[in-house]
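S.K.: Mind having a look at this structure? Questions to follow.
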Protein chains: 2
Amino acid sequence: MTFSQLSFSGGGLDRRAHLRDEPKTLTALFENAKILPVWRGKPLVHYDQTLGWIAAEHALLDLAQQKIYFLGQTDEQAYFAADISEWEPKDEPKVVDGFFDDSAQTHPDLGSDCAFLELRGIMLTLSPLEGELAVTAKALVHWNSVSGFCSACGAAAHVQKAGWQRTCAGCGLSHFPRTDPVVIMLVTRGNQALIGRSHAWPKGMYSCLAGFIEPGETLEAAVEREVFEEAGITVEDVRYHASQPWPFPASLMFGCVARAISEKITLDPVELEDARWITKEEMMQVMAGHHPEITPARKGAIAHHLISAWLAGTY
Amino acid sequence: MTFSQLSFSGGGLDRRAHLRDEPKTLTALFENAKILPVWRGKPLVHYDQTLGWIAAEHALLDLAQQKIYFLGQTDEQAYFAADISEWEPKDEPKVVDGFFDDSAQTHPDLGSDCAFLELRGIMLTLSPLEGELAVTAKALVHWNSVSGFCSACGAAAHVQKAGWQRTCAGCGLSHFPRTDPVVIMLVTRGNQALIGRSHAWPKGMYSCLAGFIEPGETLEAAVEREVFEEAGITVEDVRYHASQPWPFPASLMFGCVARAISEKITLDPVELEDARWITKEEMMQVMAGHHPEITPARKGAIAHHLISAWLAGTY
């Protein structure tokens with residue numbers, strides 16, 4: 001991709017799903033594995049912006065209490081994730097603008113060159129493989145952390161298949177990691193595109209509209225509904241462009257483009273603080289960081305990618 | 001679409017999500033609403049193959065015990081779904097070939113012209129609107145039926161927003177209807193396409209390969225992984241084609257096409273009973289029902305649609 005890097009998109013991890021049910025093989029692999037500690041959604045990261053892998057004998061893993069999950073392999077290297085959220089750090093997370101946690105938690109058993117950091121802050125610098133490992137680890141840790149009980153009967157649901165399944169000790173129902181499909185779309189009308197901002201976003205930031213696909217909807221119907229609900233704009237000619245895993249906490253973003261056939265914006269004030277049409281020329285200013293009022297979606301995120309592709313004339 | 005009808009794809013239902021949180025408005029709408037009874041996943045259907053809507057005062061709704069959910073509106077008509085799975089019928093469901101339930105359950109309080117039928121059996125004859133209403137109802141009823149408890153803490157999770165949310169009485173976590181993204185793909189190599197069959201399918205039936213998108217994967221990566229896992233075939237040039245809600249029980253199918261860059265099939269015998277390459281000429285025989293061994297995917301399903309589009313030269 002020449003127009004914009006899209007983080008977390010296809011690192012080539014070999015997930016080896018059949019090994020999830022082979023505890024002996026996994027135990028042997030674990031001995032020489034790279035293990036990613038995840039603390040309350042934040043992976044361990046070196047300050048050179050590679051992931052902070054630890055080895056099987058590391059004391060930090062005592063905190064994981066069996067919450068260790070198999071991610072997959074590349075050639076002869078196996079990868080696992082470990083949930084160490086039980087740890088109580090001295091430095092509390094700090095959410096900036098109600099949106100992004102830019103604090104760093106350092107653990108005394110780890111070198112001073114690494115800390116637990118929000119994944120969105122490092123997504124541009126991770127390699128594709130480390131990006132895929134990090135989002136898979138974050139998603140798996142989160143799902144297991146909120147799936148200890150059977151939603152159907154309330155009994156304990158025990159982890160199986162190295163973190164990829166939980167089965168109810170009461171009614172026997174099996175549960176699988178959840179992924180919520182989300183549409184995110186750049187709506188264009190001639191030389192203009194529709195962008196909006198949510199109430200909780202940093203001052204000045206605008207991005208593409210987005211929303212969850214509902215049961216009973218196609219991808220295309222979800223795009224049409226969300227744009228109409230949030231901005232009162234009618235669209236047609238919805239096209240899929242690219243997808244991006246987005247485990248905040250469990251989304252998969254389906255990046256689309258669509259053509260508006262109406263222009264008057266009617267805002268849903270609950271969903272959006274503002275929405276506006278912006279020309280290509282003005283959008284170039286935004287993306288270059290030179291616009292007086294508007295700042296763009298984060299680089300590496302699919303909204304940035306869709307906007308870059310539009311400016312580059314890709315669609 | 002001229003080449004093949006795709007069921008459940010975009011009926012134009014106005015979901016009016018803001019009304020889900022307005023119980024007074026919904027109570028008023030319910031008085032004149034059309035209500036779809038759903039019994040253990042099967043909607044009520046007239047034998048003329050329209051949905052079997054009932055009215056608010058119908059005695060059958062005593063079986064729903066508050067399990068009534070808002071689907072949306074069209075113009076002035078409101079639609080709801082009611083879960084009456086508590087009912088014990090005389091005629092038990094009968095699963096054919098371990099795959100399709102072709103039995104019909106009739107209830108004494110309903111006319112003899114309607115019965116509870118498997119949705120896949122009527123998907124070709126429902127209008128797009130009734131198709132969307134039926135799949136939305138089925139998905140919502142199922143999700144609520146397996147979500148009475150909080151997966152994070154095991155306490156009771158109470159229905160909110162007319163069936164579109166449940167909130168835990170213990171830890172306060174909110175839960176939302178689940179939709180599992182699935183890739184289904186027609187893999188081609190020149191004049192040939194790759195099809196396979198699962199163990200539980202009716203004798204002779206072959207279709208496209210498919211599988212769940214895992215956390216941390218893009219759409220494209222999931223297609224590549226599934227085809228390699230199930231058939232040992234390497235693909236590239238994955239393209240999205242169309243999507244279809246598939247609430248059996250909670251999937252959204254993302255229909256893709258991909259180009260194979262290897263040919264030798266290595267079967268995963270757990271996932272598939274067989275996989276084979278088939279030429280366009282032979283596939284035309286299959287789709288016409290004239291092949292001596294192979295029967296095609298069900299009409300209306302996205303696999304049938306992908307194959308039809310390939311035969312029609314659409315990609």
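Lettering and numbering for the structure tokens are positional, with chains as A, B, ... in the shown order, residues counted from 1 in each chain, and ligands counted from 1 in the shown order.
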Set the distance at 7 Å and use only C-alpha atoms: which residues neighbour region 204-209 of chain B once local chain neighbours fewer than 5 positions away are removed? I'd like the list as number ranges by chain.

M.R.: B: 184-186, 195-197, 227, 293-297, 303

S.K.: Please give the complete set of residues from region 36-231 of chain B that DSSP, run on the backbone, assigns to strand (DSSP E), formatted as a PyMOL selection string.

M.R.: chain B and resi 36-39+42-46+68-74+77-83+95-96+100-101+114-116+157-160+165-168+174-175+180-189+192-197+209-212

S.K.: What are the residues of chain B that have an atom within 8 Å of an atom of chain A, counting only C-alpha atoms, as a count of residues only?

M.R.: 45

S.K.: Can you tell me how far CA of Ala309 (chain B) sits from CA of Val235 (chain B), in Å to one decimal?

M.R.: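 Value for the CA of Ala309 (chain B)-CA of Val235 (chain B) distance: 19.1 Å.
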
S.K.: Just how far from CA of Val141 (chain A) is CA of Ser85 (chain A), in Å to one decimal?

M.R.: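 These two atoms are separated by 9.5 Å.
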
S.K.: Looking only at the backbone, which of the residues in region 111-264 of chain B does DSSP tag as helix (DSSP H, G or I), as a PyMOL selection string?

M.R.: chain B and resi 119-121+128-145+161-163+219-231

S.K.: For those residues, write N, CA, C and O atoms to a file as a short mmCIF file (atom, residue, chain, number, x, y, z; two decimals), in the first residue's frame.

M.R.:
```cif
data_model
loop_
_atom_site.label_atom_id
_atom_site.label_comp_id
_atom_site.auth_asym_id
_atom_site.auth_seq_id
_atom_site.Cartn_x
_atom_site.Cartn_y
_atom_site.Cartn_z
N LEU B 119 -36.51 -21.52 8.50
CA LEU B 119 -36.39 -20.33 7.65
C LEU B 119 -35.68 -20.60 6.32
O LEU B 119 -36.01 -20.02 5.28
N ARG B 120 -34.71 -21.51 6.34
CA ARG B 120 -33.98 -21.78 5.09
C ARG B 120 -34.87 -22.39 4.02
O ARG B 120 -34.58 -22.32 2.84
N GLY B 121 -35.98 -23.01 4.47
CA GLY B 121 -36.88 -23.64 3.50
C GLY B 121 -37.75 -22.66 2.75
O GLY B 121 -38.33 -23.00 1.71
N PRO B 128 -38.13 -9.31 0.15
CA PRO B 128 -36.93 -8.81 0.85
C PRO B 128 -37.25 -8.25 2.24
O PRO B 128 -36.52 -8.53 3.20
N LEU B 129 -38.34 -7.51 2.39
CA LEU B 129 -38.70 -6.96 3.71
C LEU B 129 -39.00 -8.09 4.70
O LEU B 129 -38.50 -8.09 5.82
N GLU B 130 -39.83 -9.05 4.29
CA GLU B 130 -40.15 -10.16 5.21
C GLU B 130 -38.90 -10.99 5.50
O GLU B 130 -38.74 -11.50 6.61
N GLY B 131 -38.01 -11.12 4.53
CA GLY B 131 -36.75 -11.82 4.77
C GLY B 131 -35.93 -11.12 5.84
O GLY B 131 -35.43 -11.75 6.78
N GLU B 132 -35.81 -9.81 5.72
CA GLU B 132 -35.04 -9.06 6.72
C GLU B 132 -35.70 -9.13 8.10
O GLU B 132 -35.03 -9.30 9.12
N LEU B 133 -37.03 -9.01 8.14
CA LEU B 133 -37.74 -9.11 9.41
C LEU B 133 -37.55 -10.49 10.05
O LEU B 133 -37.32 -10.61 11.25
N ALA B 134 -37.62 -11.53 9.23
CA ALA B 134 -37.50 -12.90 9.76
C ALA B 134 -36.09 -13.17 10.31
O ALA B 134 -35.94 -13.74 11.40
N VAL B 135 -35.05 -12.77 9.58
CA VAL B 135 -33.69 -13.04 10.08
C VAL B 135 -33.37 -12.18 11.30
O VAL B 135 -32.67 -12.63 12.22
N THR B 136 -33.88 -10.94 11.32
CA THR B 136 -33.64 -10.09 12.48
C THR B 136 -34.36 -10.67 13.71
O THR B 136 -33.79 -10.74 14.81
N ALA B 137 -35.59 -11.10 13.51
CA ALA B 137 -36.35 -11.71 14.61
C ALA B 137 -35.65 -12.96 15.13
O ALA B 137 -35.46 -13.13 16.34
N LYS B 138 -35.24 -13.82 14.23
CA LYS B 138 -34.59 -15.08 14.63
C LYS B 138 -33.31 -14.80 15.40
O LYS B 138 -33.03 -15.42 16.44
N ALA B 139 -32.51 -13.86 14.92
CA ALA B 139 -31.24 -13.53 15.58
C ALA B 139 -31.48 -12.94 16.97
O ALA B 139 -30.81 -13.29 17.94
N LEU B 140 -32.44 -12.03 17.06
CA LEU B 140 -32.70 -11.35 18.33
C LEU B 140 -33.28 -12.32 19.36
O LEU B 140 -32.89 -12.29 20.54
N VAL B 141 -34.18 -13.18 18.93
CA VAL B 141 -34.76 -14.18 19.83
C VAL B 141 -33.67 -15.12 20.33
O VAL B 141 -33.57 -15.42 21.52
N HIS B 142 -32.83 -15.57 19.41
CA HIS B 142 -31.76 -16.49 19.83
C HIS B 142 -30.82 -15.83 20.83
O HIS B 142 -30.50 -16.40 21.87
N TRP B 143 -30.34 -14.64 20.50
CA TRP B 143 -29.38 -13.98 21.36
C TRP B 143 -29.95 -13.77 22.77
O TRP B 143 -29.30 -14.06 23.77
N ASN B 144 -31.20 -13.30 22.84
CA ASN B 144 -31.80 -13.12 24.16
C ASN B 144 -31.97 -14.44 24.90
O ASN B 144 -31.84 -14.49 26.13
N SER B 145 -32.23 -15.51 24.14
CA SER B 145 -32.47 -16.80 24.79
C SER B 145 -31.20 -17.39 25.41
O SER B 145 -31.29 -18.23 26.30
N LYS B 161 -33.86 -1.96 26.22
CA LYS B 161 -33.95 -1.44 24.85
C LYS B 161 -34.69 -2.41 23.93
O LYS B 161 -34.22 -2.72 22.83
N ALA B 162 -35.83 -2.88 24.43
CA ALA B 162 -36.74 -3.69 23.60
C ALA B 162 -36.06 -4.90 22.99
O ALA B 162 -36.41 -5.32 21.89
N GLY B 163 -35.08 -5.46 23.71
CA GLY B 163 -34.44 -6.69 23.25
C GLY B 163 -33.07 -6.48 22.63
O GLY B 163 -32.40 -7.45 22.27
N LEU B 219 -10.57 -9.64 6.90
CA LEU B 219 -11.40 -10.47 6.01
C LEU B 219 -10.51 -11.31 5.09
O LEU B 219 -10.71 -12.53 4.93
N GLU B 220 -9.54 -10.67 4.49
CA GLU B 220 -8.69 -11.33 3.50
C GLU B 220 -7.83 -12.42 4.14
O GLU B 220 -7.65 -13.51 3.58
N ALA B 221 -7.29 -12.13 5.32
CA ALA B 221 -6.46 -13.11 6.01
C ALA B 221 -7.29 -14.33 6.41
O ALA B 221 -6.79 -15.47 6.36
N ALA B 222 -8.54 -14.12 6.78
CA ALA B 222 -9.40 -15.24 7.16
C ALA B 222 -9.67 -16.15 5.96
O ALA B 222 -9.67 -17.37 6.08
N VAL B 223 -9.89 -15.55 4.79
CA VAL B 223 -10.09 -16.34 3.57
C VAL B 223 -8.85 -17.19 3.29
O VAL B 223 -8.94 -18.40 3.06
N GLU B 224 -7.71 -16.55 3.33
CA GLU B 224 -6.45 -17.27 3.05
C GLU B 224 -6.25 -18.42 4.04
O GLU B 224 -5.90 -19.53 3.65
N ARG B 225 -6.47 -18.14 5.33
CA ARG B 225 -6.26 -19.16 6.35
C ARG B 225 -7.22 -20.33 6.21
O ARG B 225 -6.82 -21.50 6.22
N GLU B 226 -8.50 -20.04 6.03
CA GLU B 226 -9.50 -21.11 5.96
C GLU B 226 -9.26 -22.04 4.77
O GLU B 226 -9.38 -23.26 4.89
N VAL B 227 -8.96 -21.45 3.62
CA VAL B 227 -8.76 -22.30 2.43
C VAL B 227 -7.51 -23.17 2.62
O VAL B 227 -7.51 -24.35 2.27
N PHE B 228 -6.49 -22.59 3.23
CA PHE B 228 -5.28 -23.38 3.45
C PHE B 228 -5.52 -24.47 4.50
O PHE B 228 -5.12 -25.62 4.33
N GLU B 229 -6.21 -24.10 5.60
CA GLU B 229 -6.47 -25.09 6.66
C GLU B 229 -7.31 -26.26 6.16
O GLU B 229 -7.03 -27.41 6.46
N GLU B 230 -8.36 -25.95 5.41
CA GLU B 230 -9.34 -26.99 5.04
C GLU B 230 -8.90 -27.80 3.83
O GLU B 230 -9.22 -28.98 3.73
N ALA B 231 -8.21 -27.14 2.88
CA ALA B 231 -7.91 -27.84 1.63
C ALA B 231 -6.44 -27.77 1.22
O ALA B 231 -6.06 -28.35 0.19
#
```

S.K.: Can you list, as a compact mmCIF listing (two decimals) with N, CA, C and O atoms, in the first residue's frame, every protein, DNA or RNA residue that comes within 12 Å of Leu29 (chain A) when you count only C-alpha atoms, leaving out same-chain residues fewer than 4 positions away?

M.R.:
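Saved as result-v5.txt:
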```
# COMPACT_ATOMS: atom_id res chain seq x y z
N LEU A 19 -3.58 -27.23 16.98
CA LEU A 19 -2.77 -27.39 18.19
C LEU A 19 -3.48 -26.93 19.45
O LEU A 19 -3.09 -27.30 20.56
N ARG A 20 -4.53 -26.11 19.28
CA ARG A 20 -5.25 -25.60 20.46
C ARG A 20 -5.83 -26.74 21.30
O ARG A 20 -6.09 -26.55 22.48
N GLU A 22 -4.28 -29.68 21.61
CA GLU A 22 -3.20 -30.63 21.90
C GLU A 22 -2.34 -30.10 23.04
O GLU A 22 -1.25 -29.55 22.82
N PRO A 23 -2.83 -30.24 24.29
CA PRO A 23 -2.14 -29.63 25.43
C PRO A 23 -0.69 -30.08 25.59
O PRO A 23 0.16 -29.27 25.98
N LYS A 24 -0.39 -31.32 25.25
CA LYS A 24 1.00 -31.78 25.40
C LYS A 24 1.94 -31.04 24.46
O LYS A 24 3.02 -30.60 24.84
N THR A 25 1.50 -30.89 23.21
CA THR A 25 2.32 -30.16 22.24
C THR A 25 2.50 -28.71 22.69
O THR A 25 3.60 -28.15 22.62
N ALA A 33 8.73 -20.53 24.06
CA ALA A 33 7.84 -19.57 23.40
C ALA A 33 8.19 -18.13 23.76
O ALA A 33 8.88 -17.86 24.75
N LYS A 34 7.69 -17.23 22.93
CA LYS A 34 7.65 -15.81 23.28
C LYS A 34 6.27 -15.52 23.84
O LYS A 34 5.26 -15.83 23.19
N ILE A 35 6.24 -14.93 25.02
CA ILE A 35 4.97 -14.72 25.71
C ILE A 35 4.74 -13.22 25.89
O ILE A 35 5.61 -12.51 26.41
N ALA A 55 9.93 -14.76 28.56
CA ALA A 55 10.09 -16.22 28.41
C ALA A 55 9.30 -16.96 29.50
O ALA A 55 8.85 -16.37 30.48
N ALA A 56 9.16 -18.27 29.27
CA ALA A 56 8.28 -19.10 30.11
C ALA A 56 8.63 -19.07 31.59
O ALA A 56 7.75 -19.23 32.45
N PHE A 70 -2.79 -19.47 23.57
CA PHE A 70 -1.91 -19.75 22.42
C PHE A 70 -2.28 -18.85 21.24
O PHE A 70 -3.43 -18.81 20.81
N LEU A 71 -1.29 -18.15 20.69
CA LEU A 71 -1.55 -17.25 19.56
C LEU A 71 -1.25 -17.91 18.22
O LEU A 71 -1.92 -17.65 17.23
N GLY A 72 -0.19 -18.72 18.17
CA GLY A 72 0.18 -19.37 16.91
C GLY A 72 1.69 -19.48 16.78
O GLY A 72 2.42 -19.34 17.77
N GLN A 73 2.13 -19.73 15.57
CA GLN A 73 3.55 -19.95 15.33
C GLN A 73 4.00 -19.25 14.05
O GLN A 73 3.20 -18.95 13.17
N GLU A 76 9.62 -21.94 13.52
CA GLU A 76 9.76 -22.73 14.74
C GLU A 76 9.45 -21.94 16.01
O GLU A 76 9.59 -22.46 17.11
N GLN A 77 9.03 -20.69 15.87
CA GLN A 77 8.77 -19.86 17.05
C GLN A 77 7.29 -19.88 17.43
O GLN A 77 6.44 -19.57 16.60
N ALA A 78 6.99 -20.24 18.69
CA ALA A 78 5.60 -20.22 19.17
C ALA A 78 5.36 -18.95 19.99
O ALA A 78 6.28 -18.43 20.64
N TYR A 79 4.11 -18.47 19.94
CA TYR A 79 3.74 -17.24 20.64
C TYR A 79 2.51 -17.48 21.52
O TYR A 79 1.55 -18.13 21.10
N PHE A 80 2.56 -16.92 22.73
CA PHE A 80 1.44 -16.99 23.65
C PHE A 80 1.15 -15.59 24.19
O PHE A 80 2.00 -14.68 24.10
```

S.K.: Extract, using only C-alpha atoms, all DNA, RNA and protein residues at most 12 Å from Ile122 (chain A), discarding same-chain residues fewer than 4 positions from it, and format them as a PyMOL selection string.

M.R.: chain A and resi 7-8+42-51+102+116-118+126-128+130-131+134-135+298-301

S.K.: Give me, please, the distance in Å between CA of Leu311 (chain A) and CA of Arg189 (chain A), quoted to one decimal.

M.R.: 13.3 Å
